[in-house]
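So the structure is just underneath, and the comments pick up after that.
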Amino acid sequence: MGILNGFTNGTKTASNGASSSMDAQSLRAVLENVIDPDLHQTLGTLSAIHNVEVEGDTVRVYLLLHAPLHFAAERINTACKEAIHKVFPQAKGEIFVQEKLAERPANRPLANVKHLIAVASGKGGVGKSTISANLAAALARKGAVVGLIDADIHGPSVPTMFDLEEEELRGTKNEQGQFIGHPMEKYGVKLVSMGFVMGRDQAAIMRGPMQAGYLNTFIEQIAWGELDYLLFDLPPGTGDIQLTMAQRVPLTGAVIVTTPQNLALADVRRGISMFNRVNIPTLGVIENMSYYVLPDGSRDYIFGQGGGEKIAKEMNAPFLGEVPLNINVRKGGDEGLPVVLNDHAPMQQRAIMELAEKLASEIRRRGAQGQQVPTVQIAI
Ligand SMILES: Nc1ncnc2c1ncn2[C@@H]1O[C@H](COP(=O)(O)OP(=O)(O)O)[C@@H](O)[C@H]1O
Ligand SMILES: [Mg+2]
């Protein structure tokens, strides 16, 4: 669908015969009752109808809606066309959607990024990097402009997961003589990782202040350009680095990755509490390695069942969905092709696209409620 800077249209609908008189006013009345699928309010209530044009049987509808629209646009397009067709079967409708401009203070770090998402987990090895890489690729596949910061400075995974192991961060000096780094780009995702600066072994022994320094560079001195989303693959745990990071960047919210295991769930509680303390909403919990599909199609719940959903409910956070334990997911990570881009793994692909869609929906909901900007900001 491309960046929604201008009105983006859906496909034209076909005419089917019968004719009754149709004017902009009556069309507007029809459209005002259409329900936004994420916000569960009518387009009328949301003041979303910017303009309606009628020319013979051709109808053009211009809508202004809360960002991000990459997933929502299709559903809103369908809902509007169905509503129009019920009343005016002859209409050839074209729906154009544009994102409402959210107020973003220009002087904050990463002012050109619409949605900043931290991907966190209580402990390592639950698939946080796998999910980050796949969410980024899924959003880009849907037409969003996406960046991913491998903020796990100690154990960078992005170079492997995007098949960029030999790459090094390139930079130039700006007019003030300051180093400006250029993100790598793969599968439509802009990428920065410690792995592009030094080897994994060197990175692993780096001390706290140095890590913080590099992370700062990734935030302040990279030419990210305009982004719909910037995802942060945070280091595992809920220690100082994660907290500082959460406060340093004006995050839209956090996504917590967990396995269904009890031990991992205790860490989820800690993670959500940490984000709560600094006023960062939890956009959702993702359960990874939820089950293994046996050859006969039945499911083996290796790490227990339903833990992610249960903890999300307990912590009053949305549950975004589950990703099964599957060899294609692991291979995708090791071979540098996120499974969501692998058309030979349709089940895994669908699971991750659904996660991305739920996440986008949650961001729209939060944005509409005006809960997007955290109030706390402390510099490193
Ligand atoms: N759903 C899954 N199915 C199979 N393997 C997975 C799945 N999710 C993650 N993995 C594998 O588990 C290992 C740890 O995942 P990773 O994303 O690096 O975890 P983290 O970033 O939380 O430490 C990796 O080898 C990865 O490929
Ligand atoms: Mg990782």
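In the structure tokens, each chain is lettered A, B, ... as it comes, each chain's residues begin at 1, and ligands are numbered from 1 in order of appearance.
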
Collect all residues with atoms no farther than 10 Å from ligand 1, counting only C-alpha atoms and all ligand atoms, and output them as an MDAnalysis selection string. chainID A and resid 119:134 150 152 155:158 160:161 233:237 257:259 287:292 322:335 338:339 348

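Non-sequential neighbours of A:Met210 (distance at most 10 Å, separation of 6 or more positions within a chain, only C-alpha atoms) are Ile153, Ala203 and Asn216 of chain A.
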
Take the residues that were just selected and, keeping N, CA and C atoms, output them as a PDB file, in the first residue's frame.
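Dumped to result-v9.pdb:
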```pdb
ATOM      1  N   ILE A 153      23.073  -5.077  22.482  1.00  0.00           N
ATOM      2  CA  ILE A 153      24.441  -4.734  22.100  1.00  0.00           C
ATOM      3  C   ILE A 153      25.403  -5.897  22.382  1.00  0.00           C
ATOM      4  N   ALA A 203      31.810  -7.612  21.117  1.00  0.00           N
ATOM      5  CA  ALA A 203      30.586  -7.005  21.652  1.00  0.00           C
ATOM      6  C   ALA A 203      30.235  -7.615  23.005  1.00  0.00           C
ATOM      7  N   ASN A 216      23.156   4.930  22.222  1.00  0.00           N
ATOM      8  CA  ASN A 216      22.886   6.343  21.992  1.00  0.00           C
ATOM      9  C   ASN A 216      23.198   6.747  20.557  1.00  0.00           C
TER      10      ASN A 216
END
```

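Going from atom CA of A:Glu94 to atom CA of A:Glu226 covers 27.8 Å.
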
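Here atom CA of A:Val146 and atom CA of A:Lys81 stand 29.7 Å from one another.
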
Among stretch 266-357 of chain A, which residues does DSSP mark as strand (DSSP E) when it is run on the backbone? Keep the chain and numbering as in the structure and answer as a compact mmCIF listing (two decimals) with C-alpha atoms, in the first residue's frame.
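Contents of selection.txt, freshly written:
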```txt
# COMPACT_ATOMS: atom_id res chain seq x y z
CA THR A 282 2.39 -2.66 26.94
CA LEU A 283 1.01 -3.04 23.43
CA GLY A 284 0.82 -6.75 23.82
CA VAL A 285 2.22 -10.11 24.81
CA ILE A 286 3.38 -12.56 22.16
CA GLU A 287 3.71 -16.22 23.03
CA ASN A 288 6.49 -17.94 21.10
CA MET A 289 7.22 -21.66 20.84
CA SER A 290 3.60 -22.23 21.84
CA TYR A 291 3.33 -25.78 20.55
CA TYR A 292 4.81 -28.21 18.06
CA VAL A 293 2.62 -29.60 15.29
CA ARG A 299 -0.32 -30.27 18.82
CA ASP A 300 2.34 -31.05 21.38
CA PHE A 319 -2.60 -10.83 23.83
CA LEU A 320 -1.28 -10.52 20.28
CA GLY A 321 -1.05 -14.20 19.45
CA GLU A 322 1.16 -17.26 19.35
CA VAL A 323 3.91 -18.60 17.12
CA PRO A 324 4.44 -22.37 17.07
CA LEU A 325 7.80 -24.05 17.50
```

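The environment of A:Arg75 within 12 Å, counting only C-alpha atoms and disregarding residues fewer than 6 places along the same chain, consists of Gly10, Val34, Ile35, Asp36, Pro37, Asp38, Leu69, Lys81, Glu82, Ile95, Val97, Glu357 and Ser361 of chain A.
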